[in-house]
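Here's the structure, in structure tokens; my notes come after.
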Amino acid sequence: MAGAEVQENLSPGCKQFLYMGTLPRGLEEQSFKKICQFYEGKPRFVTLYDTLSHIPVYSAYTFKRSDGSKKADVPWMYEPQLSTVSGSIEMQQLSSENAPKSLEAAQAVLDDYSESVFYERGQLNPDEHQAHPDDKAATYTLTNVVPQVAEFNMGAWTKHEHIIRRRLNNYCRGTAYVVTGVTTSGHTIRRQNIKRLGIPSYFWSAYCCIDFDHNSPYSERSKFPAFAAHGLNDRENNKVQEMTVQQLEDFLKRVTYVSGSFQIFYDNCVAPNSVNSALH
């Protein structure tokens with residue numbers, strides 16, 4: 001069984017997916033819910049979910065060394081607790097026939113995506129960044145996907161996910177913490193003339209790996225311990241640009257509603273015993 005739990009304060013089991021057990025700072029909105037995503041009785045990753053736009057703000061996960069293969073036989077799932085306080089922490093399989101109407105008030109359902117020509121279900125925690133079949137399966141929840149332009153999904157963003165997968169596979173020795181999210185600007189997908197899904201303007205992502213190969217080529221070593229990127233969710237001009245985490249944070253402060261204190265990784269991903277930590 002798959003499960004997910006809406007938590008006010010994250011349990012220790014779910015904090016393992018966050019660098020220093022700390023959520024990104026400066027993203028506090030009334031409609032945002034923290035979800036501890038469970039599958040087969042174990043926590044798998046963390047999602048901050050917007051119950052008004054019916055899409056995740058970000059998913060935070062630990063990267064697992066993988067060959068980049070996808071798990072194709074997984075049914076889409078939803079999160080009962082977003083719709084009712086007493087909902088099971090067990091995530092439920094989703095089908096158009098049995099999705100309760102009360103479910104639609106707080107989250108996406110398959111019908112929201114079914115009539116969309118331009119958009120696909122784009123995962124924030126991608127199947128390809130996980131290795132174990134259960135970790136892969138857990139990414140197939142609608143609380144981990146957003147409307148992504150098909151050309152961007154299949155093109156520039158998938159290419160970027162592969163670049164990061166190879167880089168972390170080859171040069172990150174310890175745990176790599178990844179946070180991938182989106183910005184929105186008010187555009188929505190409608191169903192029966194009702195606003196259902198926020199359409200992301202940008203996809204963004206950042207990773208933190210403090211234990212890395214110091215003998216790697218400079219072109220790769222310069223992108224550790226942390227690096228980031230963003231790309232426009234569009235059919236054209238959707239090239240993904242890599243940058244420092246600080247540059248991404250500055251960009252997000254300009255284009256979205258994050259606060260001035262916004263910080264993706266605790267202490268900017270500086271190792272606790274680092275000589276440089278006092279400088280950050």
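All residue names refer to the structure tokens as shown: chains lettered A, B, ... in order, residues numbered from 1 in each chain, ligands numbered from 1 in order.
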Members of segment 46-278 of chain A assigned strand (DSSP E or B) by DSSP, as a VMD selection string: chain A and resid 46 to 50 55 to 62 77 to 78 92 to 93 119 to 123 141 145 to 149 172 177 to 191 194 to 208 212 226 to 232 241 to 243 263
Asn169 of chain A surroundings by only C-alpha atoms, 12 Å radius, close-in-sequence under 2 positions cut, as a PyMOL selection string: chain A and resi 63-68+128-131+161-167+171-176+209+212-213+220
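Closest approach to Thr184 of chain A among A:Asp50, A:Asp111, A:Glu79, A:Glu249: A:Asp50, based on only C-alpha atoms.
When only C-alpha atoms are used to measure the gap to Glu115 of chain A, the shortest distance among A:Lys70, A:Lys159, A:Lys42, A:Arg190 belongs to A:Arg190.
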Distance criterion (only C-alpha atoms): nearest to Asn237 of chain A out of A:Leu18, A:Val46, A:Ala156, A:Leu27: A:Ala156
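Residue nearest Asn233 of chain A within the list A:Val149, A:Met154, A:Ala271, A:Val179: A:Val149 [criterion: smallest interatomic distance, only C-alpha atoms].
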Which of segment 162-198 of chain A DSSP labels helix (DSSP H, G or I), written as a ChimeraX atom specification: /A:162-171
Which residue of A:Leu82, A:Met77, A:Met20, A:Ile55 approaches Ala137 of chain A most closely, using only C-alpha atoms: A:Met77
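Nearest residue to Gly186 of chain A, choosing from A:Cys36, A:Leu52, A:Ala105, A:Val74 and counting only C-alpha atoms: A:Leu52.
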Within 7 Å of Arg191 of chain A using only C-alpha atoms, minus same-chain residues under 4 positions, as a ChimeraX atom specification: /A:112,195-196
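The gap separating atom CA of Thr143 of chain A from atom CA of Phe118 of chain A is 19.8 Å, in Å to one decimal.
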Atom CA of Gly198 of chain A to atom CA of Ser11 of chain A, distance in Å rounded to a single decimal: 28.6 Å
Polymer residues at most 12 Å from Thr244 of chain A, only C-alpha atoms, same-chain spacing of 4 or more positions, as a PyMOL selection string: chain A and resi 204-208+222-230+248-251+264+268-269
